[in-house]
Every structure is written in C-alpha cells, then in structure tokens.
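Chemist: Okay, handing you the structure first.
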Amino acid sequence: MKIIKAVLLFIMIVGLSYAEFPAPEKLIIYRDTALLVCKFSPDLTEEKSVDINLPLYTDLRNLKMSVDKNCQIGQIKEGDIDSQIKDKIKKLEDQIRFFKDQIKTVEKEISLLEKLDINKTGIKSLDLFSERYFKKLQEKRTAQQFIAQLKDQIEKLRKRAGRHFVIDLSCKDITRPVINITIQPPVKALQKYTIYGDTENNVIKITNRIFVRQDTGFDLKGIELVYYSYRKTPSISPPKTGFIPFVEKKGLKKIEREYVETTSKAYFSVKNVDLQDGKENLITLSSVSYPAEFSVFIDGDRTVTPFLKATFKTDRFYPSSYRADFYIDGVYIGSDRFKPLLQDVENSLFFGEDIFINVSKEKIKDFTEKSIFGTKKTTKEWRYQIKNNHKKGIKITVVDKIPVSTSEKTQIKPFSSIKWKKIKPDGTIVWEFFLSPSQEKIFSFGYIITEK
C-alpha cells in the first residue's frame with residue numbers, strides 16, 4: 001500500500017506547473033558561445049522592485065540587462081526559490097528516502113535468504129525459495145528505478161524553476177517598462193554544408209545548415225535564430241541586408257531566412273524557429289543556386305586521376321567548415337572539408353573522380369649525353385593520352401611541372417607538342433583544351449637540362 005501511495009504522489013507532482021520565465025525572442029550562436037535574448041515587461045503601478053525567474057544556469061556576472069531609456073536599474077540580487085517549488089522538491093525527496101528505506105529492508109531479506117540452508121530450514125521446494133529470492137531482487141530493482149525517476153524530476157523541477165532574482169527599478173512616467181535580458185544558455189551548434197552539382201543544367205547549389213541542441217530546460221518557440229560562423233566579436237557598422245526567399249508550407253508558421261552583411265562580418269538570420277529542449281534540431285540557414293562551368297582537372301605531376309571541377313561566383317561569403325557533403329547529379333560522392341568561398345570572385349569546388357575521362361601518362365624519353373667540351377645535356381619527355389567518354393563535350397585542364405634552374409650554369413628548356421596556356425615561375429605548366437564526345441587528345445611534353 002505504501003508503494004502505491006508513493007507512486008500516486010510521484011505522478012501528481014510530475015503534473016504540476018512551473019513559474020513563467022521572460023519570453024525568449026532571439027538565440028544568437030557563435031562558434032565559441034551562445035546568447036539568449038529575452039524580453040520582460042513588468043507592471044510597476046504599485047511596486048518599484050521586480051521579481052523574475054531566470055534559468056538555473058544563469059550567472060549573474062555574465063547577465064546583461066537593458067531597460068527603457070527613462071528607467072534605471074538600481075540593484076539586482078538573488079532571492080529565495082519559490083515556496084511551492086520547495087514543497088514539491090521536499091515531497092520528492094521524501095519519496096526518495098522512502099524507497100531507500102525499502103531497499104535497505106529488502107537487502108536484509110535478500111541477505112537472509114542467501115544465508116539459508118535449504119536442507120535445515122524445512123523448505124522442501126527449491127522453486128519456492130527461488131520465487132521468494134527473485135521477487136525480492138525485483139522489488140529492489142523497482143525501488144531503484146523509482147529513485148532514478150524521482151531524482152530526474154527533482155532535476156527538472158530545479159531546472160525549470162531556475163533562479164529567482166529581484167530587480168530594483170526607478171522609472172519616470174513608465175508603468176510597464178520593457179526589460180531586455182541576455183543570458184548565456186547551454187547550446188551546442190554544428191554547421192554543415194551540402195553541395196549539389198548539376199552538370200546537366202550547369203548549376204551549383206549550396207545548402208547551409210546547422211544542427212542545434214539547446215538544454216535550457218524548456219522549448220524555444222517562434223524565436224529568431226542568428227548564426228555567426230566565427231567567434232564572437234563586436235560589429236563595427238550598420239548592416240546591409242540581402243534577402244533569401246523563404247519556403248512556406250501550408251499549415252506551418254512562415255519561416256523567414258535572411259543573409260546579413262556588415263563591413264567586416266556576415267551572418268544568417270532565421271525567424272519563427274522552434275527548438276526543442278534537449279534534442280537535436282536541424283535548421284536550414286540558406287539554400288542558393290549559382291551558374292557554374294564544369295570541367296575536368298588533371299594534375300599530372302602528382303596523379304593522372306581526372307577530377308570533375310566546378311567554377312562559379314557567389315553573391316556572398318561562405319565561411320569554411322570541416323563538414324560538407326558533396327553530391328553530383330543526385331549521387332552522393334563523399335564528405336570533405338569545405339574551404340571558404342569569397343564573394344564576387346571565381347571560386348572552384350571538386351566533385352571527385354570523373355570516371356568518364358580516361359587518362360594515361362607515359363615516360364617516353366629519359367637520357368643524358370655529354371659533349372666533348374664537357375657540357376651535359378639531359379632530355380626527359382612524357383606522352384599524355386586523354387579520351388572523353390561523356391555524351392557531351394567538356395573542357396580539360398592539364399597541369400604538370402618542370403624543374404626550375406637555381407644556377408646560371410644550368411639551363412632548362414621546356415617543350416610541348418601542343419601549345420600550353422601558361423608557365424608559372426615555379427615551373428608549373430598549364431594546358432587547356434576542349435574535347436568533344438569520344439574525342440581523344442594525344443600530346444607530349446618534356447624539358448631539356450643543359451649543364452655547363
């Protein structure tokens with residue numbers, strides 16, 4: 001009977017309501033911290049001090065408050081927890097003590113059963129002994145489970161009750177001032193890009209998302225989420241705004257997404273966001289498509305593997321990320337680090353090996369000869385064979401390298417059977433050409449080293 005009463009009391013306490021908190025309006029996330037902006041409008045008709053409950057994790061040293069310009073905050077001090085909350089916690093703690101006493105009693109009974117000699121006790125049935133023994137073990141486990149649940153409820157009560165603060169206010173001709181409160185909540189965020197390449201329509205689509213987990217103790221509903229992809233530093237100029245179209249689904253709140261730039265920073269804002277407490281929430285910050293030129297890049301100096309490359313310009317800055325998923329024509333090809341993309345300049349992304357391009361590189365000459373005058377001449381030559389097996393034509397870029405002379409006595413002269421686009425000071429040679437479907441390009445290149 002005692003156990004039944006305890007369980008009923010436990011269920012009754014779980015259903016009790018909690019005190020209200022200031023209304024959350026905005027969650028600002030940086031790489032190194034997060035800020036939760038709340039708003040509170042108390043009635044000062046009769047009193048000059050305001051009682052307010054803030055989350056349990058609130059640190060008064062990091063607490064930021066601002067109030068209407070005709071008001072002034074004189075003092076902020078921590079008050080006592082609400083008496084009703086205290087009573088609820090006390091009742092739960094009483095239940096924990098009850099179950100702990102039950103466990104002690106059961107453990108004594110288990111110990112006695114373990115010490116019994118069945119042959120001397122008159123218990124003739126082993127089944128009867130086993131039934132009693134395992135019944136006591138089950139009672140102990142049940143009591144331990146109730147203790148764990150009761151402790152969890154106490155933690156939730158304390159978390160949702162938060163900390164009680166008293167704010168002394170002095171206002172001029174204002175009876176309902178607006179107090180803006182900024183606290184640092186327990187929030188974790190993980191940014192991730194999804195990059196879609198569409199070679200049929202020559203388009204790159206970049207979707208920027210974040211995984212957010214917030215453990216404030218309550219759901220955040222209808223708030224504005226602001227995400228900075230770098231550490232918290234102050235802005236130095238008013239924002240310049242560019243809007244990204246939002247997608248609205250019937251029956252759901254309108255989600256508004258906005259990309260904002262300042263002189264030195266950029267951030268994403270998403271309005272009307274719901275974030276569940278203690279759970280992972282996936283938020284899409286932006287999803288934008290850009291015209292792109294697809295080509296094949298071959299670095300013959302390191303590998304002859306042909307890589308599909310997209311070249312394009314963006315209308316905004318995309319910060320780097322260690323997490324990006326890449327898709328080409330709807331097929332997932334892998335994950336890689338995402339390097340930053342700069343605004344209004346030519347950017348490029350790779351989409352793995354292009355299996356429809358066959359490439360081979362073969363060394364066809366490597367010999368050294370000496371003249372009677374002591375001059376040594378070394379010739380090295382390679383042959384490339386590249387075939388396009390795509391159903392459409394594609395641009396090919398081949399990069400290779402020759403050594404660079406470090407002495408006046410050594411002269412290096414490159415040669416090629418086709419014209420190169422450029423030779424860089426570090427010895428990098430670049431060729432560019434276009435291959436039609438089924439077309440094959442064969443060319444040779446090399447260099448001659450003359451040493452005096």
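In the structure tokens, the first chain shown is A, the next is B, and so on; residue numbers restart at 1 for each chain, and ligands run from 1 in the order shown.
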Need the shell around Thr175 of chain A: protein/DNA/RNA residues with any atom at most 7 Å away, counting only C-alpha atoms. Skip same-chain ones fewer than 5 positions apart. Format as an NGL selection string?
Modeler: :A and (43-45)
Chemist: Output N, CA and C atoms of each residue in that selection to a file, as a compact mmCIF listing (two decimals), in the first residue's frame.
Modeler:
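Contents of the output file result13.txt:
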# COMPACT_ATOMS: atom_id res chain seq x y z
N ASP A 43 4.71 45.10 -14.40
CA ASP A 43 3.79 46.18 -14.02
C ASP A 43 4.36 46.90 -12.79
N LEU A 44 4.69 48.19 -12.95
CA LEU A 44 5.28 48.95 -11.85
C LEU A 44 4.29 49.94 -11.23
N THR A 45 3.00 49.67 -11.38
CA THR A 45 1.98 50.58 -10.86
C THR A 45 2.11 50.77 -9.36
Chemist: As a PyMOL selection string, list the residues of segment 23-244 of chain A assigned to strand (DSSP E or B) by DSSP on the backbone atoms of this structure.
Modeler: chain A and resi 23-29+34-40+49-54+64-67+71-78+163-171+179-183+187-198+203-214+220-228+240-244
Chemist: Contacts between segment 386-402 of chain A and segment 117-232 of chain A, please, where a residue of segment 117-232 of chain A counts if it comes within 12 Å (with only C-alpha atoms); show its shortest atom pair and distance in Å to one decimal, rows by chain and ascending number, as CSV.
Modeler:
residue,atom,partner,partner_atom,distance
A:Thr199,CA,A:Lys392,CA,10.4
A:Glu200,CA,A:Lys392,CA,9.8
A:Asn202,CA,A:Ile394,CA,11.8
Chemist: With C-alpha atoms kept, could you save the residues just selected as a CSV table (one decimal), in the first residue's frame?
Modeler:
chain,number,residue,atom,x,y,z
A,199,THR,CA,26.2,19.0,-64.8
A,200,GLU,CA,23.0,18.8,-67.0
A,202,ASN,CA,25.4,23.7,-65.2
Chemist: Would you mind writing down, as a ChimeraX atom specification, each residue of segment 34-138 of chain A that DSSP on the backbone assigns to helix (DSSP H, G or I)?
Modeler: /A:83-115,118-121,126-138
Chemist: Counting only C-alpha atoms, what is within 12 Å of Val331 of chain A, bar same-chain residues fewer than 4 positions away, as a PyMOL selection string?
Modeler: chain A and resi 195-199+325-327+351-352
Chemist: With all heavy atoms retained, write the just-selected residues as a CSV table (one decimal), in the first residue's frame.
Modeler:
chain,number,residue,atom,x,y,z
A,195,ILE,N,26.6,20.3,-50.8
A,195,ILE,CA,26.9,20.9,-52.1
A,195,ILE,C,26.3,20.0,-53.2
A,195,ILE,O,26.7,18.8,-53.3
A,195,ILE,CB,28.4,21.0,-52.3
A,195,ILE,CG1,29.1,21.6,-51.0
A,195,ILE,CG2,28.7,21.9,-53.5
A,195,ILE,CD1,28.6,23.0,-50.7
A,196,TYR,N,25.5,20.5,-54.0
A,196,TYR,CA,24.9,19.8,-55.1
A,196,TYR,C,25.4,20.3,-56.5
A,196,TYR,O,25.4,21.5,-56.7
A,196,TYR,CB,23.4,19.9,-55.1
A,196,TYR,CG,22.7,19.5,-53.9
A,196,TYR,CD1,22.4,20.4,-52.8
A,196,TYR,CD2,22.3,18.1,-53.7
A,196,TYR,CE1,21.8,20.0,-51.7
A,196,TYR,CE2,21.6,17.7,-52.5
A,196,TYR,CZ,21.4,18.7,-51.5
A,196,TYR,OH,20.8,18.3,-50.4
A,197,GLY,N,26.0,19.4,-57.3
A,197,GLY,CA,26.5,19.8,-58.6
A,197,GLY,C,25.5,19.2,-59.6
A,197,GLY,O,25.2,18.0,-59.6
A,198,ASP,N,25.1,20.0,-60.6
A,198,ASP,CA,24.2,19.6,-61.6
A,198,ASP,C,24.9,19.9,-63.0
A,198,ASP,O,24.8,21.0,-63.4
A,198,ASP,CB,22.9,20.3,-61.5
A,198,ASP,CG,21.8,19.9,-62.5
A,198,ASP,OD1,22.2,19.1,-63.4
A,198,ASP,OD2,20.7,20.3,-62.4
A,199,THR,N,25.5,18.8,-63.6
A,199,THR,CA,26.2,19.0,-64.8
A,199,THR,C,25.2,19.2,-66.0
A,199,THR,O,25.6,19.7,-67.0
A,199,THR,CB,27.1,17.9,-65.1
A,199,THR,OG1,26.4,16.6,-65.2
A,199,THR,CG2,28.1,17.7,-64.0
A,325,ASP,N,28.9,17.7,-47.3
A,325,ASP,CA,28.6,16.5,-48.1
A,325,ASP,C,28.4,17.0,-49.6
A,325,ASP,O,27.8,18.0,-49.9
A,325,ASP,CB,27.2,15.9,-47.7
A,325,ASP,CG,27.3,15.3,-46.3
A,325,ASP,OD1,28.4,14.9,-45.9
A,325,ASP,OD2,26.3,15.2,-45.6
A,326,PHE,N,29.0,16.2,-50.5
A,326,PHE,CA,29.0,16.5,-51.9
A,326,PHE,C,28.2,15.5,-52.7
A,326,PHE,O,28.3,14.3,-52.5
A,326,PHE,CB,30.5,16.5,-52.4
A,326,PHE,CG,31.3,17.7,-51.9
A,326,PHE,CD1,31.9,17.6,-50.7
A,326,PHE,CD2,31.5,18.8,-52.7
A,326,PHE,CE1,32.6,18.7,-50.2
A,326,PHE,CE2,32.2,19.9,-52.3
A,326,PHE,CZ,32.8,19.8,-51.0
A,327,TYR,N,27.4,16.1,-53.6
A,327,TYR,CA,26.5,15.3,-54.5
A,327,TYR,C,26.8,15.8,-55.9
A,327,TYR,O,27.0,17.0,-56.1
A,327,TYR,CB,25.0,15.5,-54.2
A,327,TYR,CG,24.6,14.9,-52.9
A,327,TYR,CD1,24.8,15.5,-51.7
A,327,TYR,CD2,23.9,13.7,-52.8
A,327,TYR,CE1,24.4,15.0,-50.5
A,327,TYR,CE2,23.5,13.1,-51.6
A,327,TYR,CZ,23.7,13.8,-50.4
A,327,TYR,OH,23.3,13.3,-49.2
A,351,PHE,N,34.5,17.6,-57.3
A,351,PHE,CA,33.4,16.6,-57.1
A,351,PHE,C,33.9,15.2,-57.4
A,351,PHE,O,33.2,14.4,-58.0
A,351,PHE,CB,32.2,16.9,-58.0
A,351,PHE,CG,31.4,18.1,-57.6
A,351,PHE,CD1,31.8,19.4,-58.0
A,351,PHE,CD2,30.3,18.0,-56.7
A,351,PHE,CE1,31.1,20.5,-57.5
A,351,PHE,CE2,29.6,19.1,-56.3
A,351,PHE,CZ,30.0,20.3,-56.7
A,352,GLY,N,35.2,14.9,-57.0
A,352,GLY,CA,35.7,13.6,-57.1
A,352,GLY,C,36.1,13.2,-58.5
A,352,GLY,O,36.2,14.0,-59.4
Chemist: So what do you get for atom CA of Thr105 of chain A versus atom CA of Leu137 of chain A, distance-wise?
Modeler: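 So the two atoms, atom CA of Thr105 of chain A and atom CA of Leu137 of chain A, lie 11.6 Å apart.
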Chemist: Excluding Val106 of chain A and any residue of its chain fewer than 6 positions from it, enumerate the residues within 12 Å of it, using only C-alpha atoms, and give them as a list in words.
Modeler: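 Once the adjacent positions are removed, what remains is Phe99, Lys100, Leu112, Leu113, Arg132, Tyr133, Phe134, Lys135, Lys136, Leu137, Gln138, Glu139, Lys140, Arg141, Thr142, Ala143 and Gln144 of chain A.
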Chemist: Could you write out that same residue set with C-alpha atoms as a short mmCIF file (atom, residue, chain, number, x, y, z; two decimals), in the first residue's frame?
Modeler:
data_model
loop_
_atom_site.label_atom_id
_atom_site.label_comp_id
_atom_site.auth_asym_id
_atom_site.auth_seq_id
_atom_site.Cartn_x
_atom_site.Cartn_y
_atom_site.Cartn_z
CA PHE A 99 12.34 3.98 -1.39
CA LYS A 100 15.85 3.96 0.09
CA LEU A 112 18.95 -13.76 4.96
CA LEU A 113 17.69 -15.79 2.01
CA ARG A 132 10.93 -15.58 -2.92
CA TYR A 133 14.55 -14.71 -3.75
CA PHE A 134 13.92 -13.31 -7.22
CA LYS A 135 10.80 -11.47 -6.03
CA LYS A 136 12.96 -9.54 -3.53
CA LEU A 137 15.53 -8.78 -6.23
CA GLN A 138 12.76 -7.40 -8.43
CA GLU A 139 11.45 -5.25 -5.56
CA LYS A 140 14.94 -3.80 -5.12
CA ARG A 141 15.27 -3.03 -8.84
CA THR A 142 11.83 -1.42 -8.92
CA ALA A 143 12.67 0.82 -5.96
CA GLN A 144 15.97 1.83 -7.62
#
Chemist: Find the spatial neighbours of Thr379 of chain A, counting only C-alpha atoms, within a cut-off of 9 Å - ignore same-chain residues fewer than 6 positions away - and output them as an MDAnalysis selection string.
Modeler: chainID A and resid 365:369 446:450
Chemist: What is the distance, in Å and to one decimal place, between atom CA of Leu60 of chain A and atom CA of Val226 of chain A?
Modeler: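 Distance between the two atoms: 23.6 Å.
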Chemist: Which residues are near Tyr384 of chain A? Cut-off 12 Å, only C-alpha atoms, ignore same chain within fewer than 3 positions. Put them as a list in words.
Modeler: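 Neighbouring residues, sequence-local ones excluded: Ile298, Asp299, Gly300, Asp301, Val304, Asn358, Val359, Ser360, Lys361, Glu362, Lys363, Ile364, Glu381, Lys387, Val398, Val399, Asp400, Ser416, Ser417, Ile418, Trp431, Glu440, Lys441, Ile442, Phe443, Ser444, Phe445 and Gly446 of chain A.
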Chemist: Could you state the separation of atom CA of Gln214 of chain A and atom CA of Cys38 of chain A in Å, given to one decimal place?
Modeler: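 Going from atom CA of Gln214 of chain A over to atom CA of Cys38 of chain A covers 15.2 Å.
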Chemist: From the set A:Gly334, A:Phe350, A:Val260, A:Ala23, which residue has the shortest atom-to-atom contact distance to Asp315 of chain A, counting only C-alpha atoms?
Modeler: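 That would be A:Val260, the residue with the smallest distance to Asp315 of chain A.
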Chemist: Could you list, as a PyMOL selection string, every residue within 9 Å of Lys421 of chain A, counting only C-alpha atoms and ignoring same-chain residues fewer than 5 positions away?
Modeler: chain A and resi 429-432
Chemist: Taking only C-alpha atoms into account, which of A:Trp420, A:Phe211, A:Tyr290, A:Phe218 comes nearest Leu54 of chain A?
Modeler: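 Nearest to Leu54 of chain A: A:Phe218.
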Chemist: Using only C-alpha atoms, pick whichever of A:Glu346, A:Lys69, A:Thr410, A:Glu93 has the shortest atom-to-atom distance to Lys172 of chain A.
Modeler: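 Of A:Glu346, A:Lys69, A:Thr410, A:Glu93, the one nearest Lys172 of chain A, counting only C-alpha atoms, is A:Lys69.
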Chemist: Pick out the closest residue to Leu225 of chain A from this set: A:Leu342, A:Ile85, A:Val212, A:Val203. Count only C-alpha atoms.
Modeler: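 Counting only C-alpha atoms, the residue closest to Leu225 of chain A is A:Val212.
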